[in-house]
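Note: the block below is upload_17.cif and it holds mmCIF, C-alpha atoms.
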data_run
loop_
_atom_site.label_atom_id
_atom_site.label_comp_id
_atom_site.auth_asym_id
_atom_site.auth_seq_id
_atom_site.Cartn_x
_atom_site.Cartn_y
_atom_site.Cartn_z
CA LYS E 1 -0.30 22.64 -8.77
CA LYS E 2 -2.67 20.57 -6.67
CA PRO E 3 -2.38 16.77 -6.69
CA ASP E 4 -4.54 14.83 -9.14
CA ARG E 5 -6.65 12.30 -7.29
CA LEU E 6 -9.45 9.80 -7.54
CA VAL E 7 -11.81 9.75 -4.55
CA ILE E 8 -12.91 6.19 -3.83
CA SER E 9 -16.17 5.16 -2.18
CA LEU E 10 -17.35 1.65 -1.42
CA THR E 11 -20.65 0.42 -0.07
CA ALA E 12 -20.18 -0.59 3.57
CA PRO E 13 -20.73 -4.31 4.19
CA PRO E 14 -23.98 -5.01 6.03
CA ALA E 15 -24.10 -6.62 9.44
CA ASP E 16 -25.15 -9.99 8.01
CA GLY E 17 -21.81 -10.29 6.19
CA ARG E 18 -23.14 -10.24 2.61
CA ASN E 19 -20.85 -8.69 0.01
CA PRO E 20 -22.83 -5.81 -1.51
CA ARG E 21 -22.23 -4.05 -4.77
CA ASP E 22 -19.58 -1.32 -4.70
CA ASP E 23 -20.62 2.24 -5.33
CA GLU E 24 -19.24 3.87 -8.41
CA ALA E 25 -16.01 5.68 -7.66
CA PRO E 26 -16.63 9.43 -7.86
CA ASP E 27 -14.00 11.77 -9.20
CA SER E 28 -12.68 14.78 -7.29
CA ARG E 29 -15.36 17.06 -8.72
CA ARG E 30 -18.14 15.22 -6.91
CA LYS E 31 -18.59 15.60 -3.18
CA PRO E 32 -18.36 12.06 -1.75
CA ASP E 33 -20.49 10.57 0.98
CA LEU E 34 -18.18 10.73 3.98
CA GLN E 35 -19.72 7.58 5.41
CA THR E 36 -18.59 5.52 2.42
CA GLN E 37 -15.48 7.36 1.21
CA VAL E 38 -12.63 4.99 2.02
CA ALA E 39 -9.55 6.45 0.30
CA GLU E 40 -8.04 8.91 -2.12
CA PHE E 41 -5.84 7.56 -4.90
CA VAL E 42 -3.35 10.29 -5.78
CA PHE E 43 -1.75 9.62 -9.16
CA SER E 44 0.13 12.90 -9.65
CA ASP E 45 1.58 15.08 -6.88
CA PRO E 46 4.24 17.81 -7.24
CA ASN E 47 5.69 16.95 -3.82
CA ILE E 48 5.38 13.16 -3.70
CA LEU E 49 6.69 11.83 -6.98
CA ARG E 50 4.88 8.49 -7.01
CA PRO E 51 1.28 7.22 -6.77
CA TYR E 52 -0.25 6.52 -3.36
CA PHE E 53 -3.44 6.09 -1.35
CA ALA E 54 -4.18 8.66 1.37
CA GLN E 55 -6.89 9.26 3.99
CA VAL E 56 -7.64 5.54 4.11
CA ARG E 57 -10.70 4.74 6.24
CA THR E 58 -12.83 1.86 7.41
CA PRO E 59 -16.40 1.68 6.04
CA SER E 60 -17.56 3.23 9.33
CA GLY E 61 -15.32 6.25 8.68
CA ARG E 62 -12.43 5.61 11.09
CA GLN E 63 -9.16 6.71 9.50
CA VAL E 64 -6.39 4.11 9.64
CA THR E 65 -3.60 6.01 7.86
CA ARG E 66 -1.86 9.09 9.24
CA ASN E 67 -3.47 12.36 8.20
CA HIS E 68 -1.93 13.62 4.97
CA PRO E 69 -0.50 16.10 5.37
CA PRO E 70 0.12 15.53 9.10
CA ILE E 71 -1.88 17.79 11.41
CA ALA E 72 0.27 19.90 13.73
CA GLY E 73 -0.27 18.98 17.36
CA VAL E 74 -1.97 15.71 16.40
CA ASP E 75 0.46 13.78 14.21
CA ALA E 76 4.21 13.37 14.08
CA ASN E 77 5.41 15.25 10.99
CA ASP E 78 8.40 13.07 10.07
CA HIS E 79 8.67 11.71 6.50
CA ASP E 80 5.60 13.68 5.44
CA THR E 81 6.47 13.42 1.74
CA MET E 82 7.57 9.78 1.99
CA HIS E 83 4.82 8.20 4.13
CA PRO E 84 1.51 9.54 2.72
CA GLY E 85 -0.66 6.51 3.50
CA ILE E 86 -0.24 3.35 1.40
CA TRP E 87 2.35 3.24 -1.38
CA LEU E 88 4.69 1.12 -3.49
CA ALA E 89 8.18 2.60 -3.76
CA PHE E 90 11.82 1.68 -4.18
CA GLY E 91 14.92 3.31 -2.75
CA ASP E 92 17.17 1.74 -5.38
CA ILE E 93 16.34 0.85 -8.96
CA SER E 94 19.56 0.88 -10.97
CA GLY E 95 20.98 3.34 -8.45
CA HIS E 96 18.02 5.75 -8.61
CA ASP E 97 15.87 6.56 -5.57
CA PHE E 98 12.09 6.37 -6.02
CA TRP E 99 11.39 6.36 -2.27
CA ARG E 100 12.85 9.73 -1.27
CA ASN E 101 11.35 11.60 -4.24
CA LYS E 102 14.55 11.86 -6.24
CA GLY E 103 13.34 9.79 -9.17
CA ARG E 104 9.74 10.19 -10.36
CA ILE E 105 7.10 7.54 -11.02
CA GLN E 106 5.20 9.66 -13.54
CA HIS E 107 1.56 8.93 -14.29
CA VAL E 108 0.95 8.48 -18.03
CA ARG E 109 -2.66 7.31 -18.28
CA PHE E 110 -5.40 5.09 -16.95
CA THR E 111 -5.13 1.94 -19.03
CA GLU E 112 -8.42 0.75 -17.49
CA PRO E 113 -10.87 3.34 -16.14
CA PRO E 114 -12.45 2.80 -12.72
CA THR E 115 -15.15 0.15 -13.13
CA ALA E 116 -17.52 -1.17 -10.45
CA LYS E 117 -19.10 -4.62 -10.65
CA ASP E 118 -20.64 -6.62 -7.83
CA ASN E 119 -18.30 -6.14 -4.84
CA LEU E 120 -15.27 -5.15 -6.94
CA LEU E 121 -13.92 -1.76 -7.98
CA SER E 122 -10.96 -2.00 -10.35
CA PHE E 123 -8.74 0.25 -12.44
CA ALA E 124 -5.26 0.22 -13.93
CA THR E 125 -2.60 2.81 -14.69
CA GLU E 126 0.58 3.17 -16.72
CA SER E 127 3.54 5.07 -15.24
CA ARG E 128 7.08 5.88 -16.35
CA LEU E 129 9.98 5.65 -13.92
CA LEU E 130 12.10 8.72 -14.64
CA THR E 131 15.61 9.40 -13.39
CA PRO E 132 16.37 12.83 -11.83
CA GLU E 133 17.80 13.80 -15.22
CA GLY E 134 14.52 12.92 -16.94
CA GLY E 135 15.52 9.69 -18.63
CA THR E 136 13.07 6.78 -18.74
CA LEU E 137 14.31 3.79 -16.75
CA CYS E 138 11.31 1.53 -17.25
CA ARG E 139 7.54 1.59 -17.16
CA MET E 140 5.14 0.27 -14.55
CA ILE E 141 1.62 -1.04 -15.14
CA SER E 142 -0.38 -1.08 -11.91
CA ARG E 143 -3.66 -2.91 -11.46
CA PHE E 144 -5.79 -2.01 -8.46
CA ASP E 145 -8.63 -4.18 -7.17
CA LEU E 146 -10.71 -2.97 -4.22
CA ARG E 147 -13.21 -5.40 -2.73
CA THR E 148 -15.68 -5.12 0.11
CA ARG E 149 -15.44 -7.74 2.83
CA PRO E 150 -17.62 -8.48 5.87
CA ALA E 151 -14.98 -6.98 8.17
CA GLY E 152 -14.13 -4.03 5.91
CA TRP E 153 -12.41 -3.89 2.52
CA LEU E 154 -9.17 -4.79 0.80
CA LEU E 155 -6.85 -3.25 -1.74
CA ALA E 156 -4.76 -5.46 -4.03
CA TRP E 157 -1.96 -3.71 -5.94
CA GLU E 158 -0.29 -5.70 -8.73
CA ALA E 159 2.62 -4.01 -10.52
CA THR E 160 4.35 -5.10 -13.73
CA PHE E 161 7.69 -3.55 -14.71
CA GLN E 162 9.25 -3.64 -18.17
CA SER E 163 11.72 -1.86 -20.44
CA ALA E 164 12.01 -2.48 -24.16
CA THR E 165 15.51 -1.04 -24.49
CA ALA E 166 17.71 -1.79 -21.47
CA GLU E 167 17.92 -3.92 -18.35
CA PHE E 168 17.28 -2.46 -14.91
CA ALA E 169 17.79 -3.79 -11.40
CA PHE E 170 16.12 -3.56 -8.00
CA GLY E 171 18.69 -3.03 -5.27
CA ASP E 172 18.95 -3.81 -1.55
CA GLN E 173 17.67 -1.26 0.99
CA GLU E 174 15.31 -1.06 3.97
CA GLU E 175 13.21 1.40 1.96
CA MET E 176 11.91 -0.93 -0.74
CA GLY E 177 8.45 -2.37 -1.24
CA PHE E 178 4.88 -1.93 -0.04
CA GLY E 179 4.55 0.70 2.68
CA PHE E 180 1.91 1.84 5.15
CA ARG E 181 1.91 4.70 7.67
CA ALA E 182 -0.57 4.15 10.49
CA ALA E 183 -2.90 6.71 12.01
CA THR E 184 -1.44 8.22 15.17
CA GLU E 185 -3.89 6.28 17.37
CA LEU E 186 -2.72 2.98 15.83
CA THR E 187 1.00 3.49 16.39
CA GLU E 188 2.75 1.31 18.93
CA THR E 189 3.78 4.41 20.85
CA SER E 190 0.07 5.30 21.21
CA GLY E 191 -1.11 1.84 22.26
CA GLY E 192 -1.47 0.05 18.92
CA THR E 193 -0.20 -3.49 18.36
CA ILE E 194 1.87 -4.95 15.53
CA VAL E 195 1.73 -8.73 15.10
CA SER E 196 3.15 -10.97 12.37
CA SER E 197 2.17 -14.33 10.90
CA ALA E 198 5.10 -15.80 12.83
CA GLY E 199 3.47 -14.76 16.11
CA LYS E 200 5.99 -12.03 16.86
CA ILE E 201 4.57 -8.92 18.54
CA GLY E 202 5.85 -5.36 18.28
CA ALA E 203 7.92 -3.35 15.82
CA ALA E 204 11.25 -4.40 17.30
CA ALA E 205 10.40 -8.11 17.28
CA THR E 206 9.04 -8.09 13.72
CA TRP E 207 11.71 -5.84 12.17
CA GLY E 208 13.88 -7.70 9.66
CA GLN E 209 11.94 -10.93 10.09
CA ALA E 210 10.18 -12.89 7.36
CA ALA E 211 6.40 -13.15 7.56
CA THR E 212 3.51 -13.86 5.23
CA TRP E 213 1.58 -10.94 6.74
CA CYS E 214 1.83 -8.23 9.38
CA ASP E 215 -1.12 -6.55 11.09
CA VAL E 216 -1.39 -3.33 13.06
CA SER E 217 -4.49 -2.74 15.15
CA GLY E 218 -5.83 -0.54 17.92
CA ILE E 219 -8.69 1.70 18.93
CA VAL E 220 -9.65 4.73 16.81
CA GLY E 221 -12.63 6.80 17.88
CA GLY E 222 -13.64 4.12 20.36
CA GLU E 223 -13.77 1.43 17.66
CA PRO E 224 -11.36 -1.50 17.12
CA VAL E 225 -9.76 -1.14 13.67
CA GLY E 226 -6.61 -2.16 11.87
CA VAL E 227 -4.78 -2.95 8.65
CA THR E 228 -3.12 -6.18 7.52
CA LEU E 229 -0.41 -6.04 4.84
CA VAL E 230 -0.13 -9.19 2.73
CA PRO E 231 2.60 -9.85 0.13
CA SER E 232 1.44 -12.13 -2.67
CA PRO E 233 2.62 -15.73 -2.24
CA ASP E 234 3.53 -15.59 -5.94
CA ASN E 235 6.17 -12.89 -5.38
CA PHE E 236 9.73 -13.86 -6.23
CA ARG E 237 10.70 -14.07 -2.55
CA VAL E 238 9.22 -13.85 0.93
CA SER E 239 9.03 -10.34 2.42
CA TRP E 240 11.02 -9.16 5.37
CA TRP E 241 9.49 -6.33 7.41
CA HIS E 242 10.74 -2.82 8.01
CA ASN E 243 8.43 -1.92 10.93
CA ARG E 244 8.76 0.99 13.35
CA ASP E 245 6.95 1.87 16.57
CA TYR E 246 5.95 5.28 15.18
CA GLY E 247 3.59 3.60 12.71
CA LEU E 248 5.59 2.52 9.66
CA LEU E 249 5.15 -0.96 8.17
CA VAL E 250 6.93 -2.00 4.96
CA ALA E 251 6.76 -5.42 3.29
CA ASN E 252 10.19 -5.69 1.67
CA PRO E 253 11.31 -8.71 -0.37
CA PHE E 254 14.37 -6.86 -1.71
CA GLY E 255 16.44 -5.85 1.31
CA ARG E 256 18.10 -9.13 2.24
CA ALA E 257 21.37 -7.55 3.37
CA ALA E 258 19.67 -4.43 4.74
CA MET E 259 17.49 -6.67 6.90
CA LYS E 260 20.53 -8.70 7.98
CA GLN E 261 19.21 -11.88 6.37
CA GLY E 262 22.00 -12.74 3.95
CA PRO E 263 24.15 -11.44 1.10
CA LYS E 264 23.25 -8.33 -0.86
CA SER E 265 20.30 -8.80 -3.19
CA GLU E 266 19.92 -7.64 -6.77
CA VAL E 267 16.93 -8.42 -8.97
CA VAL E 268 17.79 -7.83 -12.63
CA VAL E 269 15.07 -7.45 -15.26
CA ALA E 270 16.37 -7.93 -18.80
CA ALA E 271 15.34 -5.71 -21.70
CA GLY E 272 12.10 -6.92 -23.22
CA GLU E 273 11.09 -8.95 -20.17
CA SER E 274 8.22 -8.28 -17.77
CA TRP E 275 8.54 -8.63 -14.00
CA GLU E 276 5.63 -8.67 -11.56
CA ILE E 277 5.07 -8.15 -7.86
CA ALA E 278 1.88 -7.81 -5.82
CA PHE E 279 0.68 -6.88 -2.35
CA ALA E 280 -2.60 -6.33 -0.54
CA ALA E 281 -3.81 -4.20 2.36
CA VAL E 282 -6.86 -5.34 4.33
CA VAL E 283 -8.66 -2.52 6.17
CA HIS E 284 -10.70 -4.07 8.98
CA GLN E 285 -13.05 -3.03 11.75
CA GLY E 286 -14.64 -4.79 14.72
CA PHE E 287 -13.37 -7.44 17.12
CA SER E 288 -14.02 -10.49 14.93
CA PHE E 289 -11.34 -10.02 12.23
CA ASP E 290 -8.59 -12.67 12.32
CA PRO E 291 -5.66 -11.97 9.95
CA ALA E 292 -4.52 -15.59 9.89
CA SER E 293 -7.95 -16.90 8.88
CA PHE E 294 -8.39 -14.19 6.26
CA VAL E 295 -5.02 -14.70 4.60
CA THR E 296 -5.59 -18.46 4.44
CA THR E 297 -8.67 -17.96 2.26
CA PHE E 298 -7.69 -14.82 0.34
CA GLU E 299 -6.50 -15.16 -3.26
CA PHE E 300 -5.08 -12.20 -5.19
CA THR E 301 -6.86 -13.26 -8.37
CA GLY E 302 -9.88 -14.90 -6.75
CA GLU E 303 -13.45 -13.67 -6.75
#

Translate this file's structure into structure tokens.
Amino acid sequence: KKPDRLVISLTAPPADGRNPRDDEAPDSRRKPDLQTQVAEFVFSDPNILRPYFAQVRTPSGRQVTRNHPPIAGVDANDHDTMHPGIWLAFGDISGHDFWRNKGRIQHVRFTEPPTAKDNLLSFATESRLLTPEGGTLCRMISRFDLRTRPAGWLLAWEATFQSATAEFAFGDQEEMGFGFRAATELTETSGGTIVSSAGKIGAAATWGQAATWCDVSGIVGGEPVGVTLVPSPDNFRVSWWHNRDYGLLVANPFGRAAMKQGPKSEVVVAAGESWEIAFAAVVHQGFSFDPASFVTTFEFTGE
């Protein structure tokens, strides 16, 4: 079975910096304009058992995520079913692993269909978190907002978890949170640069450290491009960063002990309660983008 996907196109921002109206998001049956196709949202995949964004590009068409699947002779092929592009995953929820494709985050339905208005494209989904035995652990409601920006575009992913019948708990691992796998040209080993809000540079210097954002940037196809990951300031805790020189960045507010920042963490969600977490990814192009200035003015719920 082939993955089920939504092909996403946005109108590229004009040179004068105005925020134009987004194009309608075509489905997989319509051939997209390759100049404006910026991502594929895959909501059901037999090999990767959770939703993700793949083939993420700038408005000018430069790809910022690793090819999915990796191309032999071009890309490293490690973690090919764990690092598809941009994702939200958890190595430990009540002892079950939703990072390494042991548990399944199963798509149920679109609770809000893709809708374009002004410079915003939004949609929402409902998923069930299933144990390897098929039991339902909890459900996840994801809201996705994609907005054009003068320097590119951004994706905000807000997730709400709840169970009506039993409590569940987020554990403490490196492999927890909002992940991104960079295009080969953007990796530190290929000349790309990782920098954090704390001013630390490089995967080794930023690993395990707290930061309000981390950015990876470099040259792809002769053009300066990059991606900034931004945890919501309303999250329950600051994120530590699981960054690697081969192109992995993960914003992780769960892994306090795994990141060597204190005692083991456990986040318990009681039956009947809702628990929320949110992150954003800013896809940028050109020399003028400044992550610090952008994050200062960006609001997850703002227009």

Once you count all atoms listed in the file, what closest atom pair and distance in Å to one decimal does each residue of stretch 203-289 of chain E within 12 Å of stretch 147-165 of chain E have, with rows by chain and rising residue number, as a Markdown table?
| residue | atom | partner | partner_atom | distance |
| --- | --- | --- | --- | --- |
| E:Pro224 | CA | E:Ala151 | CA | 11.1 |
| E:Val225 | CA | E:Gly152 | CA | 9.4 |
| E:Gly226 | CA | E:Gly152 | CA | 9.8 |
| E:Val227 | CA | E:Leu154 | CA | 9.2 |
| E:Thr228 | CA | E:Leu154 | CA | 9.1 |
| E:Leu229 | CA | E:Leu155 | CA | 9.6 |
| E:Val230 | CA | E:Ala156 | CA | 9.0 |
| E:Pro231 | CA | E:Ala156 | CA | 9.5 |
| E:Ser232 | CA | E:Glu158 | CA | 9.0 |
| E:Asp234 | CA | E:Glu158 | CA | 11.0 |
| E:Asn235 | CA | E:Glu158 | CA | 10.2 |
| E:Val267 | CA | E:Phe161 | CA | 11.9 |
| E:Val268 | CA | E:Gln162 | CA | 11.0 |
| E:Val269 | CA | E:Gln162 | CA | 7.5 |
| E:Ala270 | CA | E:Ser163 | CA | 7.8 |
| E:Ala271 | CA | E:Ala164 | CA | 5.3 |
| E:Gly272 | CA | E:Ala164 | CA | 4.5 |
| E:Glu273 | CA | E:Gln162 | CA | 6.0 |
| E:Ser274 | CA | E:Gln162 | CA | 4.8 |
| E:Trp275 | CA | E:Phe161 | CA | 5.2 |
| E:Glu276 | CA | E:Thr160 | CA | 4.4 |
| E:Ile277 | CA | E:Ala159 | CA | 5.5 |
| E:Ala278 | CA | E:Glu158 | CA | 4.2 |
| E:Phe279 | CA | E:Trp157 | CA | 5.5 |
| E:Ala280 | CA | E:Ala156 | CA | 4.2 |
| E:Ala281 | CA | E:Leu155 | CA | 5.2 |
| E:Val282 | CA | E:Leu154 | CA | 4.3 |
| E:Val283 | CA | E:Trp153 | CA | 5.4 |
| E:His284 | CA | E:Gly152 | CA | 4.6 |
| E:Gln285 | CA | E:Ala151 | CA | 5.7 |
| E:Gly286 | CA | E:Ala151 | CA | 6.9 |
| E:Phe287 | CA | E:Ala151 | CA | 9.1 |
| E:Ser288 | CA | E:Ala151 | CA | 7.7 |
| E:Phe289 | CA | E:Ala151 | CA | 6.2 |

message: When the PyMOL selection byres ((chain E and resi 91) around 8) is applied to the structure above, which residues does it catch, written out as a VMD selection string?
response: chain E and resid 89 to 90 92 to 93 96 to 100 171 173 175 to 176

field: All residues 10 Å or closer to E:Asn47, all atoms listed in the file, same chain fewer than 6 positions away omitted, as a list in words
entry: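 Selected residues are Lys1, Lys2, Pro3, Asp80, Thr81, Met82 and Asn101 of chain E.
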
message: as a list in words, please: the residues near E:Phe43 (cut-off 7 Å, only C-alpha atoms, same-chain neighbours under 4 positions excluded).
response: Asp4, Arg5, Pro51, Tyr52 and His107 of chain E

task: Quote the spacing between atom CA of E:Leu186 and atom CA of E:Pro253 in Å to one decimal place.
output: 24.4 Å

query: Quick one, how far is atom CA of E:Thr111 from atom CA of E:Leu10?
result: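 Separating atom CA of E:Thr111 from atom CA of E:Leu10 is a distance of 21.4 Å.
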
Non-local contacts of E:Ile86 (9 Å; only C-alpha atoms; under 2 positions in same chain excluded) as JSON, numbers by chain: {"E": [52, 53, 54, 56, 65, 83, 84, 88, 178, 179, 180, 181, 281]}

task: Could you state which residues are captured by the PyMOL selection byres ((chain E and resi 296) around 12) in this file, as a list in words?
output: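 Output of the PyMOL selection byres ((chain E and resi 296) around 12): Ser197, Thr212, Trp213, Val230, Ser232, Pro233, Asp290, Pro291, Ala292, Ser293, Phe294, Val295, Thr297, Phe298, Glu299 and Phe300 of chain E.
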
message: Between atom CA of E:Trp207 and atom CA of E:Asn243, what distance in Å does the model show, to one decimal?
response: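 Result for atom CA of E:Trp207 versus atom CA of E:Asn243: 5.3 Å, one decimal.
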
task: Within 6 Å of E:Asn252, counting only C-alpha atoms, which residues show up once you throw out same-chain ones fewer than 3 positions away? Write them as a PyMOL selection string, please.
output: chain E and resi 176-177+239-241

message: Using all atoms listed in the file, which protein or nucleic acid residues come within 12 Å of E:Ile71? Drop anything in the same chain fewer than 5 positions from it, and give the result as number ranges by chain.
response: E: 66, 76-78, 80, 183-184

- prompt: Between E:Leu6, E:Gly208, E:Glu188, E:His242, which one has atoms that come closest to E:Gly262, using only C-alpha atoms?
  reply: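 Selected residue with least distance to E:Gly262: E:Gly208.
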
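Selection result for the displayed file, with the PyMOL selection byres ((chain E and resi 127-138) around 6) as criterion, is Lys102, Gly103, Arg104, Ile105, Gln106, His107, Val108, Glu126, Arg139, Met140, Gln162 and Ser163 of chain E.
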
field: Closest of E:Lys264, E:Ile194, E:Phe41, E:Arg62 to E:Gly222 - atom-to-atom distances counting only C-alpha atoms
entry: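 With only C-alpha atoms as the atom set, the closest residue is E:Arg62.
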
field: Residue with smallest distance to E:Ala116 - pool E:Ala166, E:Thr11, E:Val42, E:Lys260, counting all atoms listed in the file
entry: E:Thr11

- prompt: Pick the closest to E:Glu185 from E:Ser265, E:Thr58, E:Gln63, E:Thr206: which is it, counting all atoms listed in the file?
  reply: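 Of E:Ser265, E:Thr58, E:Gln63, E:Thr206, the one nearest E:Glu185 is E:Gln63, counting all atoms listed in the file.
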